[in-house]
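Structure file structure-v9.cif; described as mmCIF, C-alpha atoms.
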data_start
loop_
_atom_site.label_atom_id
_atom_site.label_comp_id
_atom_site.auth_asym_id
_atom_site.auth_seq_id
_atom_site.Cartn_x
_atom_site.Cartn_y
_atom_site.Cartn_z
CA MET X 1 0.00 0.00 0.00
CA THR X 2 2.84 2.38 0.86
CA LEU X 3 4.37 1.80 -2.56
CA LEU X 4 1.13 2.39 -4.39
CA ARG X 5 0.38 5.72 -2.74
CA PRO X 6 3.31 7.66 -4.30
CA ARG X 7 2.45 6.15 -7.68
CA ALA X 8 -1.19 7.14 -7.27
CA ARG X 9 -0.13 10.69 -6.40
CA ARG X 10 2.07 10.89 -9.49
CA LEU X 11 -0.66 9.58 -11.78
CA PRO X 12 -2.41 12.98 -12.31
CA LEU X 13 0.95 14.64 -13.00
CA ASN X 14 1.93 11.94 -15.46
CA ALA X 15 -1.44 12.18 -17.18
CA ALA X 16 -1.10 15.97 -17.42
CA ALA X 17 2.41 15.58 -18.87
CA VAL X 18 1.22 13.10 -21.48
CA LEU X 19 -1.71 15.36 -22.40
CA THR X 20 0.64 18.36 -22.76
CA VAL X 21 2.97 16.40 -25.03
CA LEU X 22 0.07 15.25 -27.21
CA VAL X 23 -1.30 18.79 -27.51
CA CYS X 24 2.13 20.12 -28.49
CA LEU X 25 2.86 17.35 -30.98
CA PHE X 26 -0.54 17.26 -32.67
CA PRO X 27 0.07 20.32 -34.91
CA VAL X 28 3.34 18.74 -36.04
CA TYR X 29 1.59 15.46 -36.79
CA TRP X 30 -1.16 17.28 -38.68
CA MET X 31 1.42 19.14 -40.75
CA ILE X 32 3.24 15.95 -41.73
CA SER X 33 0.07 13.95 -42.40
CA THR X 34 -1.37 16.76 -44.53
CA ALA X 35 1.81 16.80 -46.60
CA PHE X 36 1.14 13.18 -47.60
CA LYS X 37 -2.61 13.54 -48.23
CA PRO X 38 -4.04 14.00 -51.75
CA SER X 39 -5.57 17.42 -52.41
CA ARG X 40 -9.10 16.02 -52.44
CA ASP X 41 -8.66 14.71 -48.88
CA ILE X 42 -7.18 18.01 -47.67
CA GLN X 43 -10.14 19.98 -49.02
CA SER X 44 -12.68 17.43 -47.80
CA ALA X 45 -15.47 18.63 -45.53
CA ASP X 46 -14.89 15.50 -43.42
CA PRO X 47 -11.17 15.55 -42.52
CA LYS X 48 -9.57 12.26 -41.56
CA LEU X 49 -7.15 11.92 -38.68
CA PHE X 50 -5.12 9.30 -40.56
CA PRO X 51 -4.48 9.50 -44.33
CA HIS X 52 -6.15 6.68 -46.25
CA THR X 53 -4.21 7.47 -49.42
CA TRP X 54 -0.59 8.59 -49.49
CA THR X 55 1.06 10.77 -52.12
CA LEU X 56 4.41 12.49 -52.69
CA ASP X 57 3.04 15.00 -55.18
CA HIS X 58 3.14 17.86 -52.68
CA PHE X 59 6.82 17.22 -51.95
CA ARG X 60 7.58 17.26 -55.68
CA THR X 61 5.75 20.59 -55.96
CA ALA X 62 7.74 22.03 -53.07
CA VAL X 63 11.12 20.82 -54.36
CA GLN X 64 10.41 22.02 -57.90
CA ALA X 65 9.19 25.46 -56.75
CA ASP X 66 11.14 28.50 -57.90
CA GLY X 67 14.04 29.38 -55.62
CA PHE X 68 13.98 26.18 -53.56
CA GLU X 69 17.75 25.55 -53.70
CA LEU X 70 18.63 29.26 -53.59
CA PHE X 71 16.58 29.96 -50.46
CA TRP X 72 17.98 26.88 -48.75
CA ARG X 73 21.47 28.15 -49.43
CA ASN X 74 20.57 31.61 -48.12
CA SER X 75 19.09 30.24 -44.88
CA ILE X 76 22.03 27.95 -44.22
CA LEU X 77 24.55 30.71 -44.95
CA VAL X 78 22.84 33.29 -42.74
CA THR X 79 22.17 30.85 -39.90
CA LEU X 80 25.67 29.37 -39.70
CA SER X 81 27.36 32.76 -40.09
CA SER X 82 25.32 34.35 -37.30
CA ILE X 83 25.95 31.38 -34.96
CA LEU X 84 29.70 31.42 -35.59
CA LEU X 85 29.94 35.17 -35.11
CA ALA X 86 27.85 35.08 -31.91
CA LEU X 87 29.98 32.27 -30.44
CA LEU X 88 33.26 34.06 -31.18
CA VAL X 89 32.12 37.30 -29.53
CA ALA X 90 30.26 35.58 -26.67
CA ILE X 91 33.23 33.44 -25.66
CA GLY X 92 35.47 36.46 -25.25
CA SER X 93 32.80 38.51 -23.47
CA ALA X 94 31.77 35.67 -21.15
CA TYR X 95 35.39 34.92 -20.26
CA ALA X 96 36.08 38.58 -19.45
CA VAL X 97 33.03 38.76 -17.19
CA ALA X 98 33.58 35.41 -15.45
CA ARG X 99 37.36 35.53 -14.96
CA MET X 100 38.39 39.19 -14.81
CA ARG X 101 37.54 41.97 -12.41
CA TRP X 102 37.12 45.33 -14.13
CA LYS X 103 35.15 48.48 -13.56
CA GLY X 104 31.70 48.38 -15.12
CA ARG X 105 31.45 44.57 -15.21
CA ARG X 106 28.12 44.47 -13.39
CA GLN X 107 26.74 47.31 -15.49
CA PHE X 108 27.80 45.42 -18.61
CA MET X 109 25.92 42.29 -17.53
CA LEU X 110 22.90 44.42 -16.65
CA MET X 111 22.87 45.78 -20.19
CA VAL X 112 23.17 42.24 -21.53
CA PHE X 113 20.13 41.14 -19.52
CA VAL X 114 18.17 44.20 -20.67
CA ALA X 115 19.07 43.44 -24.29
CA GLN X 116 17.96 39.83 -23.82
CA MET X 117 14.60 40.90 -22.37
CA ALA X 118 13.84 43.38 -25.15
CA PRO X 119 11.18 42.02 -27.54
CA TRP X 120 12.59 41.47 -31.02
CA GLU X 121 9.48 42.88 -32.70
CA SER X 122 10.00 46.29 -31.08
CA LEU X 123 13.34 46.61 -32.87
CA ILE X 124 12.06 46.01 -36.41
CA ILE X 125 11.34 49.68 -37.22
CA PRO X 126 14.64 51.06 -35.82
CA ILE X 127 16.63 48.36 -37.58
CA TYR X 128 14.75 48.97 -40.82
CA ILE X 129 15.47 52.72 -40.66
CA ILE X 130 19.17 52.12 -39.91
CA SER X 131 19.44 49.58 -42.73
CA ARG X 132 17.71 51.94 -45.15
CA ASP X 133 19.89 54.92 -44.25
CA THR X 134 23.09 52.88 -44.52
CA ASP X 135 22.07 51.22 -47.81
CA MET X 136 21.99 47.76 -46.17
CA LEU X 137 18.50 46.67 -47.22
CA ASP X 138 18.12 43.55 -49.38
CA ARG X 139 21.46 42.14 -48.22
CA LEU X 140 22.14 38.82 -46.52
CA PRO X 141 24.90 40.30 -44.29
CA THR X 142 22.23 42.55 -42.77
CA LEU X 143 20.17 39.52 -41.73
CA THR X 144 23.34 37.88 -40.39
CA LEU X 145 24.07 40.90 -38.19
CA VAL X 146 20.48 41.04 -36.95
CA TYR X 147 20.44 37.36 -35.96
CA PHE X 148 23.88 37.81 -34.37
CA MET X 149 22.51 40.72 -32.34
CA VAL X 150 19.47 38.70 -31.23
CA THR X 151 21.40 35.59 -30.12
CA LEU X 152 24.45 37.30 -28.59
CA PRO X 153 22.95 38.26 -25.15
CA PHE X 154 21.68 34.73 -24.52
CA SER X 155 25.03 33.25 -25.58
CA ILE X 156 26.95 35.53 -23.20
CA VAL X 157 24.70 34.66 -20.25
CA VAL X 158 24.94 30.91 -20.79
CA LEU X 159 28.69 30.81 -21.47
CA ARG X 160 29.43 33.15 -18.57
CA GLY X 161 27.72 30.79 -16.14
CA PHE X 162 29.45 27.82 -17.69
CA ILE X 163 32.93 29.36 -17.48
CA ALA X 164 32.27 30.22 -13.84
CA THR X 165 31.90 26.49 -13.08
CA ILE X 166 35.38 25.69 -14.42
CA GLN X 167 38.02 25.85 -11.71
CA PRO X 168 40.52 28.68 -12.38
CA GLU X 169 43.26 26.47 -10.92
CA LEU X 170 43.15 24.33 -14.07
CA GLU X 171 44.16 27.26 -16.23
CA GLU X 172 46.68 28.47 -13.66
CA ALA X 173 48.36 25.06 -13.70
CA ALA X 174 48.63 25.24 -17.48
CA GLN X 175 50.19 28.70 -17.22
CA VAL X 176 52.75 27.37 -14.73
CA ASP X 177 53.66 24.74 -17.33
CA GLY X 178 54.41 27.48 -19.85
CA CYS X 179 51.10 28.30 -21.51
CA THR X 180 49.99 31.85 -22.01
CA ARG X 181 46.62 32.89 -20.65
CA THR X 182 45.09 32.53 -24.10
CA GLY X 183 46.79 29.17 -24.62
CA ALA X 184 45.59 27.91 -21.22
CA PHE X 185 42.04 28.87 -22.05
CA ARG X 186 42.23 27.24 -25.50
CA ARG X 187 43.77 23.99 -24.25
CA VAL X 188 42.04 23.60 -20.87
CA ALA X 189 38.82 25.60 -20.58
CA LEU X 190 37.57 25.59 -24.16
CA PRO X 191 37.19 21.77 -24.40
CA LEU X 192 35.18 21.84 -21.16
CA LEU X 193 32.84 24.43 -22.68
CA ALA X 194 31.50 21.97 -25.27
CA PRO X 195 28.04 21.50 -23.64
CA GLY X 196 27.59 25.27 -23.29
CA LEU X 197 28.68 25.85 -26.87
CA MET X 198 26.23 23.18 -28.05
CA ALA X 199 23.35 24.73 -26.11
CA THR X 200 24.00 28.24 -27.40
CA SER X 201 24.48 26.93 -30.94
CA LEU X 202 21.14 25.14 -30.82
CA PHE X 203 19.37 28.26 -29.57
CA GLY X 204 21.02 30.37 -32.26
CA PHE X 205 20.21 27.86 -34.99
CA ILE X 206 16.52 27.62 -34.10
CA THR X 207 16.23 31.40 -33.75
CA ALA X 208 17.89 32.25 -37.07
CA TRP X 209 16.42 29.31 -39.01
CA ASN X 210 12.80 30.03 -38.06
CA GLU X 211 12.87 33.85 -38.08
CA PHE X 212 10.38 35.42 -40.49
CA ALA X 213 9.67 39.05 -39.58
CA TYR X 214 13.13 40.52 -40.17
CA ALA X 215 13.68 38.43 -43.30
CA ASN X 216 10.38 39.71 -44.67
CA PHE X 217 10.92 43.41 -43.82
CA LEU X 218 14.62 43.77 -44.62
CA ILE X 219 14.61 41.86 -47.91
CA ILE X 220 12.12 43.69 -50.12
CA LYS X 221 13.33 44.20 -53.68
CA HIS X 222 15.91 41.45 -54.19
CA GLN X 223 13.86 38.27 -54.03
CA ASP X 224 16.99 36.14 -54.50
CA SER X 225 18.19 37.18 -51.03
CA ARG X 226 15.16 35.84 -49.17
CA THR X 227 15.26 32.90 -46.78
CA LEU X 228 13.15 29.78 -46.34
CA PRO X 229 10.53 31.17 -43.89
CA VAL X 230 9.62 33.82 -46.45
CA TRP X 231 9.70 31.24 -49.24
CA LEU X 232 6.99 29.26 -47.43
CA SER X 233 4.53 32.08 -48.08
CA SER X 234 5.01 31.67 -51.85
CA PHE X 235 2.53 28.78 -52.08
CA GLN X 236 -0.34 31.20 -52.45
CA ASN X 237 -2.03 32.30 -55.63
CA THR X 238 -5.22 34.00 -56.76
CA PHE X 239 -7.11 30.76 -56.11
CA GLY X 240 -6.01 30.47 -52.48
CA THR X 241 -3.31 28.56 -50.61
CA ASP X 242 -1.87 25.26 -51.81
CA TRP X 243 -2.06 23.62 -48.40
CA GLY X 244 -0.53 20.33 -49.52
CA ALA X 245 2.59 22.02 -50.94
CA THR X 246 2.75 24.39 -47.96
CA MET X 247 2.70 21.51 -45.47
CA ALA X 248 5.25 19.55 -47.51
CA ALA X 249 7.55 22.59 -47.67
CA SER X 250 7.07 23.16 -43.92
CA THR X 251 8.01 19.54 -43.23
CA LEU X 252 11.19 19.89 -45.29
CA PHE X 253 11.89 23.19 -43.56
CA ALA X 254 11.56 21.62 -40.08
CA LEU X 255 13.89 18.69 -40.81
CA PRO X 256 17.24 20.51 -40.34
CA ALA X 257 16.18 21.92 -36.95
CA LEU X 258 15.02 18.45 -35.88
CA VAL X 259 18.29 16.84 -36.98
CA VAL X 260 20.38 19.48 -35.18
CA PHE X 261 18.33 19.05 -32.01
CA LEU X 262 18.70 15.25 -32.06
CA LEU X 263 22.46 15.56 -32.55
CA LEU X 264 22.91 18.09 -29.73
CA GLN X 265 20.22 17.02 -27.25
CA ARG X 266 22.69 15.28 -24.92
CA HIS X 267 24.53 18.54 -24.36
CA VAL X 268 21.54 20.88 -24.23
CA THR X 269 20.33 20.11 -20.69
CA SER X 270 23.77 20.34 -19.10
CA GLY X 271 24.53 23.49 -21.07
CA PHE X 272 21.37 25.30 -20.02
CA ALA X 273 21.74 24.15 -16.41
CA ALA X 274 25.37 25.26 -16.22
CA GLY X 275 24.43 28.71 -17.47
CA ALA X 276 22.39 29.30 -14.32
CA VAL X 277 24.77 27.89 -11.70
CA LYS X 278 27.00 30.82 -10.85
CA GLY X 279 26.81 34.56 -11.26
#
Would you write the structure of this file as structure tokens?
Amino acid sequence: MTLLRPRARRLPLNAAAVLTVLVCLFPVYWMISTAFKPSRDIQSADPKLFPHTWTLDHFRTAVQADGFELFWRNSILVTLSSILLALLVAIGSAYAVARMRWKGRRQFMLMVFVAQMAPWESLIIPIYIISRDTDMLDRLPTLTLVYFMVTLPFSIVVLRGFIATIQPELEEAAQVDGCTRTGAFRRVALPLLAPGLMATSLFGFITAWNEFAYANFLIIKHQDSRTLPVWLSSFQNTFGTDWGATMAASTLFALPALVVFLLLQRHVTSGFAAGAVKG
């Protein structure tokens, strides 16, 4: 009886967790199943939960759409460039905050937290005006800088907490053996930062890969510079939306983020947890 009581108490929580997972996953399932349904089943007045007939026509339409390969290249280029740039700057900033004592350090971290809390949507108009006045509209480097700006505060916060968990004596021992401060960090601390780097990379990838608003407002005239989220809106015509092709394109669009998450999931939990350990 004593063993059954804790299980009985956990039953409502487990049921609520399962229900939450099902609610969150159902839109994803509906997207994937719709991508495989024939058009007549998608437009049916009596929608079916499970497809009775499967087709790949919508995927062929998505792959053969204008700009498919070009927009994939643009998204990959912008996403990877912004992640790499954010990591390079965040590592140096986080190390300076976690290891060094300098005037204005607390004020710097306060500004980082304020920047992280600022809603991205509120910055669209100022960034648009700055890009227009500096002749930076319709350029992929502009999107790269915007995504770098959005992901940098989070990266600094996480890596700062992670560096704070690494014992300074490890680097000091390397310096006694002849390493410079930079060499000690590169040989000793940087390998131990792998989980934190993975966590920040995953956050940056998902943020830049899925972002739509900035890509839609900053790339106006040069259609060849647009990214995949904007490309998804191209499956509309005067007759309405091609839902089958849209769901197929959305499924293809979600695959890279899913693959990256599955590859990095072992490091994500430890990376996020380490970012909140020390201040």
Determine, using all atoms listed in the file, which residues of region 181-254 of chain X have any atom at most 9 Å from an atom of region 146-166 of chain X, and tabulate each with its shortest atom pair and distance in Å to one decimal place, rows ordered by chain and then rising number, as a tab-separated table.
residue	atom	partner	partner_atom	distance
X:Ala189	CA	X:Ile166	CA	7.1
X:Leu190	CA	X:Ile163	CA	9.0
X:Leu192	CA	X:Ile166	CA	7.8
X:Leu193	CA	X:Phe162	CA	6.9
X:Pro195	CA	X:Phe162	CA	8.8
X:Gly196	CA	X:Leu159	CA	5.9
X:Leu197	CA	X:Leu159	CA	7.3
X:Ala199	CA	X:Val158	CA	8.3
X:Thr200	CA	X:Ser155	CA	5.4
X:Ser201	CA	X:Ser155	CA	8.3
X:Phe203	CA	X:Thr151	CA	7.6
X:Gly204	CA	X:Thr151	CA	5.7
X:Thr207	CA	X:Thr151	CA	7.6
X:Ala208	CA	X:Tyr147	CA	5.8
X:Glu211	CA	X:Tyr147	CA	8.6
X:Tyr214	CA	X:Val146	CA	8.0
With C-alpha atoms kept, could you save the residues just selected as a compact mmCIF listing (two decimals), in the coordinates of the input?
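The file below, selection12.txt, is the result:
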# COMPACT_ATOMS: atom_id res chain seq x y z
CA ALA X 189 38.82 25.60 -20.58
CA LEU X 190 37.57 25.59 -24.16
CA LEU X 192 35.18 21.84 -21.16
CA LEU X 193 32.84 24.43 -22.68
CA PRO X 195 28.04 21.50 -23.64
CA GLY X 196 27.59 25.27 -23.29
CA LEU X 197 28.68 25.85 -26.87
CA ALA X 199 23.35 24.73 -26.11
CA THR X 200 24.00 28.24 -27.40
CA SER X 201 24.48 26.93 -30.94
CA PHE X 203 19.37 28.26 -29.57
CA GLY X 204 21.02 30.37 -32.26
CA THR X 207 16.23 31.40 -33.75
CA ALA X 208 17.89 32.25 -37.07
CA GLU X 211 12.87 33.85 -38.08
CA TYR X 214 13.13 40.52 -40.17
- How many Å separate CA of Thr227 (chain X) from CA of Phe71 (chain X)?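 Rounded to one decimal, the two atoms are 4.9 Å apart.
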- Using the chain letters and residue numbers of this document, give as a count of residues only the residues selected by the PyMOL selection byres ((chain X and resi 51) around 12). 23
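Each of X:Ala16, X:Leu218, X:Ala115, X:Ala96 was compared to Thr182 (chain X) using only C-alpha atoms, and X:Ala96 turns out to be the nearest.
CA of Gln64 (chain X) to CA of Asn210 (chain X) spans 21.5 Å [interatomic distance, one decimal].
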- Name the residues in contact with Ser234 (chain X) at a cut-off of 12 Å, using only C-alpha atoms, excluding same-chain residues fewer than 4 positions from it; report them as number ranges by chain. X: 61-62, 65-68, 71, 223, 226-230, 238, 240-243, 245-246, 249-250
- Query: To one decimal place, how far is CA of Asn14 (chain X) from CA of Phe26 (chain X) in Å?
  - Reply: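 The value is 18.2 Å.
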- Closest of X:Val112, X:Leu232, X:Ile206, X:Val176 to Val260 (chain X) - atom-to-atom distances counting only C-alpha atoms: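 Nearest candidate to Val260 (chain X) out of X:Val112, X:Leu232, X:Ile206, X:Val176: X:Ile206.
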- Message: Restricting the calculation to all atoms listed in the file: of X:Val78, X:Met109, X:Ala45, X:Leu25, which residue gets closest to Arg139 (chain X)?
- Response: X:Val78
Can you sort out the box for region 152-169 of chain X, edges along x, y and z, all listed atoms in, 4 Å on every side, with centre and edge lengths in Å to one decimal, as lines of an AutoDock Vina configuration file?
center_x = 32.5
center_y = 32.0
center_z = -19.8
size_x = 29.6
size_y = 20.6
size_z = 25.7
